[in-house]
Structure formats: structure tokens, C-alpha cells
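Report on the following structure.
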Amino acid sequence: MAKEVTARSENYSQWYNDLVVKADLAEQSAVRGCMVIKPYGYAIWEKMQSVLDGMFKKTGVQNAYFPLFIPKSFFSKEAEHVAGFAKECAVVTHHRLMNSPDGKGVVVDPEAKLEEELIVRPTSETIIWSVYKNWITSWRDLPILCNQWCNVVRWEMRTRPFLRTAEFLWQEGHTAHSSAEEAEAKANEMVQVYAEFARKTLALPVIVGHKSPNERFAGALDTLTIEAMMQDGKALQAGTSHFLGQNFAKSFDVQYSDKEGKLQYVWATSWGVSTRLMGALIMAHGDDNGLVLPPALAPIQVVMVPIYKTDEERAAVLEKLDAIKKELEAKGHSVKVDARDTIRPGFKFAEWELKGVPVRLAMGARDLANGTVEVARRDTLTKETMALEGIAEHIDSLLDDIQANIYNKAIAFRDSRVQKCDSWEEFKTEIQNGKFLLCHWDGTAETEQKIKDETKATIRCIPIDSYVCEEEGKDIYSGKPSKCRVVYAIAY
RNA sequence: CUGGAUGUGGCGCAGUUGGUAGCGCACCUGGUUAGGGACCAGGAGGUCGCUCGUUCAAGUCGAGUCAUCCAGACCA
């Protein structure tokens, strides 16, 4: 665990912001709250995309693409939904520029005002449902299972790299079903896909659960979430899956003829994860030396640094390293030989650590003579000199070890900070210490709101697959009866 | 929108009572180096956010304006 990065310390967000830039993931753009994702950062996102996309396809989901612009009228069909997003929408009002009359630059041409304004999508439910209306007429058309990878825009007041930006990349799945049961099952299936992805690929422990009505997606009957803990003890909602009931079907008049020939409204789900996962990855595993990437996600899994004084030494070392590289690549690992001649080894060590490469090999004249190589692992920052014999097999299993170790470390950290709490006084102090508190809740929005007002803590979820605690008790705040514990935390 | 702060080479900063802009990193050239972010020497790069004003003279003083950052409010 990072030494300087202590729970809720003042410089935790400083550490995070610096790391995003230093690890070459992203930088701020000219537009406030928008971000340039650099090649190294984007490579990690691409890896997330490819793993997730494979998982989606296994559930029968297909990719499609829907337009960026949504006519304002579409947006006003679902009242609850629009209320949830109205305050953060970018609106297109004109379609042309002209030379400024004063000769300085360009201005918006007042003649080119749009008759109906266009909303830049903050999410695509409305446009997708207006399209689905035409796709669905019969029970034979169902289910429809579409996903799209795209960008969305939410004009946030305050932004943070990856965690909350004005524009971000994500995937949004939108499904239509003939029954409530089938739709609910789909929403549940997808949140489990997210949970598996988080745990196995991101090495990120997550709690799966239902959102409280207050925290639900605008227009949803139920929102399922995966909640992760960052190293400052704050919660991060890493993905959501919504059971939308028939709200959108009714608003957009999407009906089908069932087997009896009767008209029925369809049942819907939507689900998404975003580049916010990049933030989760950084905050959950990073340390003072930089990023720590799980091998399953690292664009470069093994980096090799040659050390030499003469051209002859350089050639000899590079030849050996290339041989190891070929062996590792044959096993399906991504390997980079850092043969840059202008930078010294020490600099390379620090740089690749900053970028979180799981395994580093260093080889110099000494190793050449002894038939050895230095193997360093990023997660523990330990080094070991090993014989070249069988090195590929060793690294193969080392990568698995690292993946498991990063996950176990994160679980141990989280478990040490999740605790039951039955005292309001204790709640107020422990929540500020960056704990996840399992507390009884009377099920009312009023209590939840009061707790939020007093402590900033929110109900992260009502857990369904870990920390489930169904027992009689009294609400931590109101003292009213409760049947189970929920997870409270301060969230990003 | 409320409060606080900041705008000076690519980045991070200094700049005394007004006197014609400097430091670190990065960059370029040459050399020595190379097993944990090298060193020496030389070099290039800025109308000090913008506008107006005071003055012989403004990075510095005054007024205005724009932008950004931090803390709130806001946020599936």
C-alpha cells in the first residue's frame, strides 16, 4: 500500500491527478472538464473494451450505433428521465458560423438557428427507444439486445480526470423483452458480467447490490450497481444495470402483438460502464511509484531493459532478450524490449514502474556471463536474479501470481474497512475515516437524505452477493425497525 | 450561482520601494557516462491573460474584463 497515500489524506486527489498525467494516461484539453486520452491510456481502455465486448457477445448482445444528437422533443417524453439530466445537457442551437462583421474571427450565424434544438446525448435511452419503436411489432422481434460504444456529454459543474468529465467514453446496452421476468433477469445477468469483469480482469473487488430509490437511475424501477472501494476509503460506483420496467416503452409507445394477438408494452433494461473504470483502476491499485496494472489489462505485460556499455554488449544482450520475447509472445503475452539508446537504465526502470508494467526484466554484462536475468515485479517492487533456463514458464506463472496478488491485496484492504455499525455516534466518526459501514436502514428516503445531509454518506447499495446481512434490527438514524443492513459510504 | 486563490518560455515557479525579465525541469549541440530517474560545457526559446488608465518609465500601481484552479451547491 502506498505510504504517502493515506486514507482521506489531503493529497490523495493530488496524487491521483498527478499520476494520470505522469503515467501518460491523459491530459486536460482546451475545453473545461474535457480530457485528452493519450495512447497509453487509450490502450488500457481498448483492452477493457475488448474483454467486455467478448463477455457481452457471449450473452447474445450485438453492437450497434445510434446518433449523437437527440431532438429536444424526444427528450421531453419521459418526465422523470429528463428531470434527471436536464441540468447537465449541452444543447445545439445553430448549424452555421460566419465571418465576424468586425473582421475578427467567426461568430454564430443568427440566420442559422435550428427550428428544434438538438441535445448532445447524455445517455441514449430516448433516441434508442424512438428507434426500437419501429423495430418491434411482434413477439417474434423480441428480445432486442443492443449495445453501443460511444461518447456521451454531461455538463458537470465539477470534474475530475476519468472519474467525472464533461465528455466520456462508455458502452450502453439497451434491451427490450416481452416479460418483466426476462428483463429483470437480463439486468441481473449484466451486473454479474460487470462484477466478473471487475474482479477477474481489473482485479477490483466490488460489492453487487441494489441502489436505494433515491440513488436510482432516472426512469428506472430498479438499479443494480457494482461498488468498489478506493484507497482513501471512498466508494466508487463502477457500473450500473437498470431494470426500466415499461416506462420507456410507454413513453415512446413501443408495443408488440403477443401470441394471442394482443398489444403489449415491452419491458426494458439498460446498463453501462465508462472510462470511469480507468479511474477506479488507478485509485484502487496505484502506489507512490505510479500505476499498478493487473496483467490481464496491461497493454505491456513484460518490459525488458538492456544494460550495456559497448555496442557489442548491447547487441549480445538484445539478442538474448529478443529470444525471451519470442518465447513469451508464443505464450500470448505482450512484451516490449526498451532498446532506446538515449535513455539510461535507471530512468527506464522508473518510467515503466510509473506506467504500471507488471514484470520487468533487466539484463547486462553480468547476467550475460552468468546466464541469468533480473526479474522485477511491479506489485511488490521486489527483484530476483534468475537463471535463463525456463524463464518463460516462470514469467508465465508469475503474471498469474501478480494478477491474483493485486486482487487479494485489494480485497484485504477493503475487508479491513468494511464493518457493521449500530451506533450513530460511531457512524459519524467511522464514515469520515473512510469506512464502508453496514447499517440497518428503515427503508425511507427521508432517513437516507438526513444522513446524507449530516455526513455526506450515501447508501451505496443493498448488497446481494457479498456482505449480505438479512437480520432484524433498528435503523441507525431513526431507530425504526429494519430487516437488513445496507452499505453506507462517502462516494466519488 | 457563493466564497477563496491564481494567470510570467512547453511544464513548474521567482520577480524587493515601478528602471527594460530570471530559476528549475524539459528541449538543442558536443563530450564523458550507463546494474535505480547521469554529469560537465555551450545554446535556443517569453510583446509577463486581455483592455484602458497613472507615469519620463508598468510584470510590478489603479480600474475593468476574460480564463483557470480550489472549496461549496450540483452529480445514474
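A note on labels: chains of the C-alpha cells are A, B, ... as shown, every chain counts residues from 1, and ligands are counted from 1 in their shown order.
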Output the contact residues of chain A with respect to chain B at a cut-off of 10 Å, based on only C-alpha atoms (C1' of nucleotides), as a PyMOL selection string.
chain A and resi 32+84-85+87-88+123+154-159+164+211+215-220+223+225+237+239-242+271-272+306-310+343-351+362-367+374+492
Would you pick out the contacts of region 45-50 of chain B at 10 Å or less, using only C-alpha atoms (C1' of nucleotides), so that residues sharing its chain but fewer than 4 positions from it are not included, and give the list as a VMD selection string?
chain B and resid 7 to 10 21 27 59 65 to 67
Quick one: write out the picked residues with N, CA and C atoms (P, O5', C5', C4', C3', O3' and C1' of nucleotides) as a PDB file, in the first residue's frame?
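That gives us part-v8.pdb:
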```
ATOM      1  P     G B   7       0.051  34.368 -10.182  1.00  0.00           P
ATOM      2  O5'   G B   7      -0.151  33.568 -11.518  1.00  0.00           O
ATOM      3  C5'   G B   7      -0.080  34.216 -12.740  1.00  0.00           C
ATOM      4  C4'   G B   7      -0.671  33.358 -13.819  1.00  0.00           C
ATOM      5  C3'   G B   7      -0.464  33.932 -15.206  1.00  0.00           C
ATOM      6  O3'   G B   7      -0.468  32.922 -16.185  1.00  0.00           O
ATOM      7  C1'   G B   7      -2.770  33.979 -14.647  1.00  0.00           C
ATOM      8  P     U B   8       0.945  32.195 -16.488  1.00  0.00           P
ATOM      9  O5'   U B   8       1.964  33.423 -16.544  1.00  0.00           O
ATOM     10  C5'   U B   8       1.994  34.286 -17.663  1.00  0.00           C
ATOM     11  C4'   U B   8       3.364  34.850 -17.850  1.00  0.00           C
ATOM     12  C3'   U B   8       4.476  33.826 -18.003  1.00  0.00           C
ATOM     13  O3'   U B   8       4.569  33.346 -19.336  1.00  0.00           O
ATOM     14  C1'   U B   8       5.141  35.434 -16.433  1.00  0.00           C
ATOM     15  P     G B   9       4.347  31.825 -19.656  1.00  0.00           P
ATOM     16  O5'   G B   9       5.526  31.573 -20.689  1.00  0.00           O
ATOM     17  C5'   G B   9       6.035  30.269 -20.911  1.00  0.00           C
ATOM     18  C4'   G B   9       6.920  30.370 -22.115  1.00  0.00           C
ATOM     19  C3'   G B   9       7.377  29.026 -22.640  1.00  0.00           C
ATOM     20  O3'   G B   9       7.198  28.994 -24.055  1.00  0.00           O
ATOM     21  C1'   G B   9       9.236  30.462 -22.267  1.00  0.00           C
ATOM     22  P     G B  10       5.784  28.553 -24.614  1.00  0.00           P
ATOM     23  O5'   G B  10       5.704  26.999 -24.270  1.00  0.00           O
ATOM     24  C5'   G B  10       4.600  26.228 -24.753  1.00  0.00           C
ATOM     25  C4'   G B  10       4.694  24.839 -24.178  1.00  0.00           C
ATOM     26  C3'   G B  10       4.578  24.763 -22.664  1.00  0.00           C
ATOM     27  O3'   G B  10       3.219  24.677 -22.268  1.00  0.00           O
ATOM     28  C1'   G B  10       6.483  23.553 -23.373  1.00  0.00           C
ATOM     29  P     A B  21      14.595  43.103 -20.614  1.00  0.00           P
ATOM     30  O5'   A B  21      14.596  42.698 -19.071  1.00  0.00           O
ATOM     31  C5'   A B  21      15.378  41.587 -18.644  1.00  0.00           C
ATOM     32  C4'   A B  21      14.666  40.877 -17.554  1.00  0.00           C
ATOM     33  C3'   A B  21      14.846  39.366 -17.590  1.00  0.00           C
ATOM     34  O3'   A B  21      16.034  39.017 -16.925  1.00  0.00           O
ATOM     35  C1'   A B  21      12.553  39.902 -17.254  1.00  0.00           C
ATOM     36  P     C B  27      14.657  16.293 -22.739  1.00  0.00           P
ATOM     37  O5'   C B  27      14.575  17.489 -23.801  1.00  0.00           O
ATOM     38  C5'   C B  27      13.499  17.574 -24.708  1.00  0.00           C
ATOM     39  C4'   C B  27      13.658  18.775 -25.596  1.00  0.00           C
ATOM     40  C3'   C B  27      14.984  18.853 -26.336  1.00  0.00           C
ATOM     41  O3'   C B  27      14.976  18.062 -27.511  1.00  0.00           O
ATOM     42  C1'   C B  27      14.493  20.955 -25.372  1.00  0.00           C
ATOM     43  P     G B  59       6.071  45.998 -18.172  1.00  0.00           P
ATOM     44  O5'   G B  59       5.710  44.595 -17.513  1.00  0.00           O
ATOM     45  C5'   G B  59       4.423  44.023 -17.690  1.00  0.00           C
ATOM     46  C4'   G B  59       4.103  43.086 -16.563  1.00  0.00           C
ATOM     47  C3'   G B  59       3.797  43.782 -15.236  1.00  0.00           C
ATOM     48  O3'   G B  59       2.436  44.104 -15.141  1.00  0.00           O
ATOM     49  C1'   G B  59       5.388  42.047 -14.904  1.00  0.00           C
ATOM     50  P     U B  65     -16.070  44.053 -14.807  1.00  0.00           P
ATOM     51  O5'   U B  65     -15.416  43.245 -16.015  1.00  0.00           O
ATOM     52  C5'   U B  65     -15.811  43.497 -17.360  1.00  0.00           C
ATOM     53  C4'   U B  65     -14.882  42.816 -18.318  1.00  0.00           C
ATOM     54  C3'   U B  65     -14.760  41.305 -18.140  1.00  0.00           C
ATOM     55  O3'   U B  65     -15.823  40.594 -18.746  1.00  0.00           O
ATOM     56  C1'   U B  65     -12.602  42.248 -18.345  1.00  0.00           C
ATOM     57  P     C B  66     -16.279  39.203 -18.113  1.00  0.00           P
ATOM     58  O5'   C B  66     -15.219  38.185 -18.706  1.00  0.00           O
ATOM     59  C5'   C B  66     -15.087  38.027 -20.107  1.00  0.00           C
ATOM     60  C4'   C B  66     -13.819  37.281 -20.427  1.00  0.00           C
ATOM     61  C3'   C B  66     -13.648  35.930 -19.748  1.00  0.00           C
ATOM     62  O3'   C B  66     -14.381  34.906 -20.380  1.00  0.00           O
ATOM     63  C1'   C B  66     -11.644  37.135 -19.562  1.00  0.00           C
ATOM     64  P     A B  67     -14.889  33.630 -19.512  1.00  0.00           P
ATOM     65  O5'   A B  67     -13.539  32.842 -19.212  1.00  0.00           O
ATOM     66  C5'   A B  67     -12.779  32.288 -20.278  1.00  0.00           C
ATOM     67  C4'   A B  67     -11.445  31.809 -19.777  1.00  0.00           C
ATOM     68  C3'   A B  67     -11.499  30.780 -18.656  1.00  0.00           C
ATOM     69  O3'   A B  67     -11.773  29.484 -19.135  1.00  0.00           O
ATOM     70  C1'   A B  67      -9.895  32.437 -18.138  1.00  0.00           C
TER      71        A B  67
END
```
Under the rule that only C-alpha atoms are counted, which of A:Gln264, A:Gln231, A:Thr165, A:Gln148 is the nearest residue to Ile136 (chain A)?
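Comparing A:Gln264, A:Gln231, A:Thr165, A:Gln148 against Ile136 (chain A), the winner is A:Gln264.
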Contacts of G19 (chain B) within 12 Å, only C-alpha atoms (C1' of nucleotides), excl. fewer than 3 positions in-chain, as a list in words:
C56, A57, A58 and U60 of chain B
Expressed in Å to a single decimal, how great is the separation between CA of Thr269 (chain A) and CA of Ala86 (chain A)?
21.2 Å
Check region 65-183 of chain A with DSSP on the backbone and list each residue it calls alpha helix (DSSP H), as a PyMOL selection string.
chain A and resi 72-75+79-85+125-135+180-183
With N, CA and C atoms retained, could you export that selection as a tab-separated table (two decimals), in the first residue's frame?
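Once everything was written out, this is part.tsv:
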```tsv
chain	number	residue	atom	x	y	z
A	72	LYS	N	-34.85	17.69	-29.19
A	72	LYS	CA	-35.31	18.06	-27.85
A	72	LYS	C	-36.65	17.40	-27.52
A	73	SER	N	-37.52	17.26	-28.52
A	73	SER	CA	-38.84	16.71	-28.25
A	73	SER	C	-38.78	15.26	-27.76
A	74	PHE	N	-37.79	14.49	-28.25
A	74	PHE	CA	-37.63	13.11	-27.77
A	74	PHE	C	-37.39	13.11	-26.29
A	75	PHE	N	-36.65	14.12	-25.90
A	75	PHE	CA	-36.17	14.15	-24.53
A	75	PHE	C	-37.26	14.45	-23.53
A	79	ALA	N	-40.80	12.06	-18.38
A	79	ALA	CA	-40.65	13.19	-17.45
A	79	ALA	C	-39.56	12.96	-16.40
A	80	GLU	N	-39.57	11.79	-15.81
A	80	GLU	CA	-38.62	11.51	-14.73
A	80	GLU	C	-37.19	11.50	-15.27
A	81	HIS	N	-37.07	10.90	-16.45
A	81	HIS	CA	-35.77	10.78	-17.09
A	81	HIS	C	-35.19	12.16	-17.39
A	82	VAL	N	-36.00	13.03	-17.97
A	82	VAL	CA	-35.49	14.35	-18.34
A	82	VAL	C	-35.11	15.14	-17.10
A	83	ALA	N	-35.87	14.97	-16.04
A	83	ALA	CA	-35.55	15.70	-14.80
A	83	ALA	C	-34.18	15.30	-14.28
A	84	GLY	N	-33.79	14.06	-14.52
A	84	GLY	CA	-32.51	13.58	-14.04
A	84	GLY	C	-31.32	14.14	-14.80
A	85	PHE	N	-31.54	14.58	-16.03
A	85	PHE	CA	-30.42	15.02	-16.86
A	85	PHE	C	-30.49	16.46	-17.34
A	125	GLU	N	-31.10	6.50	-24.06
A	125	GLU	CA	-32.42	5.87	-23.92
A	125	GLU	C	-33.45	6.44	-24.89
A	126	THR	N	-33.54	7.77	-24.91
A	126	THR	CA	-34.64	8.37	-25.67
A	126	THR	C	-34.51	8.12	-27.16
A	127	ILE	N	-33.32	8.29	-27.70
A	127	ILE	CA	-33.19	8.09	-29.15
A	127	ILE	C	-33.31	6.61	-29.50
A	128	ILE	N	-32.80	5.76	-28.64
A	128	ILE	CA	-32.86	4.33	-28.92
A	128	ILE	C	-34.30	3.83	-28.86
A	129	TRP	N	-35.07	4.31	-27.91
A	129	TRP	CA	-36.46	3.86	-27.82
A	129	TRP	C	-37.30	4.39	-28.98
A	130	SER	N	-36.92	5.56	-29.47
A	130	SER	CA	-37.66	6.06	-30.63
A	130	SER	C	-37.35	5.21	-31.87
A	131	VAL	N	-36.16	4.60	-31.88
A	131	VAL	CA	-35.79	3.70	-32.98
A	131	VAL	C	-36.43	2.31	-32.78
A	132	TYR	N	-36.34	1.83	-31.55
A	132	TYR	CA	-36.89	0.50	-31.25
A	132	TYR	C	-38.38	0.42	-31.60
A	133	LYS	N	-39.05	1.55	-31.47
A	133	LYS	CA	-40.49	1.57	-31.79
A	133	LYS	C	-40.74	0.99	-33.18
A	134	ASN	N	-39.84	1.33	-34.12
A	134	ASN	CA	-40.00	0.84	-35.48
A	134	ASN	C	-39.48	-0.58	-35.69
A	135	TRP	N	-38.69	-1.05	-34.77
A	135	TRP	CA	-38.11	-2.38	-34.92
A	135	TRP	C	-39.04	-3.45	-34.34
A	180	ALA	N	-41.56	-9.00	-17.85
A	180	ALA	CA	-40.84	-8.34	-16.77
A	180	ALA	C	-39.76	-9.26	-16.23
A	181	GLU	N	-40.09	-10.55	-16.10
A	181	GLU	CA	-39.15	-11.51	-15.53
A	181	GLU	C	-37.88	-11.59	-16.38
A	182	GLU	N	-38.11	-11.65	-17.71
A	182	GLU	CA	-36.97	-11.78	-18.60
A	182	GLU	C	-36.09	-10.52	-18.53
A	183	ALA	N	-36.72	-9.36	-18.47
A	183	ALA	CA	-35.96	-8.11	-18.40
A	183	ALA	C	-35.19	-8.03	-17.08
```
Rounded to one decimal, what separation in Å do you get between CA of Gly33 (chain A) and CA of Ala166 (chain A)?
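According to the coordinates, CA of Gly33 (chain A) and CA of Ala166 (chain A) are separated by 5.1 Å.
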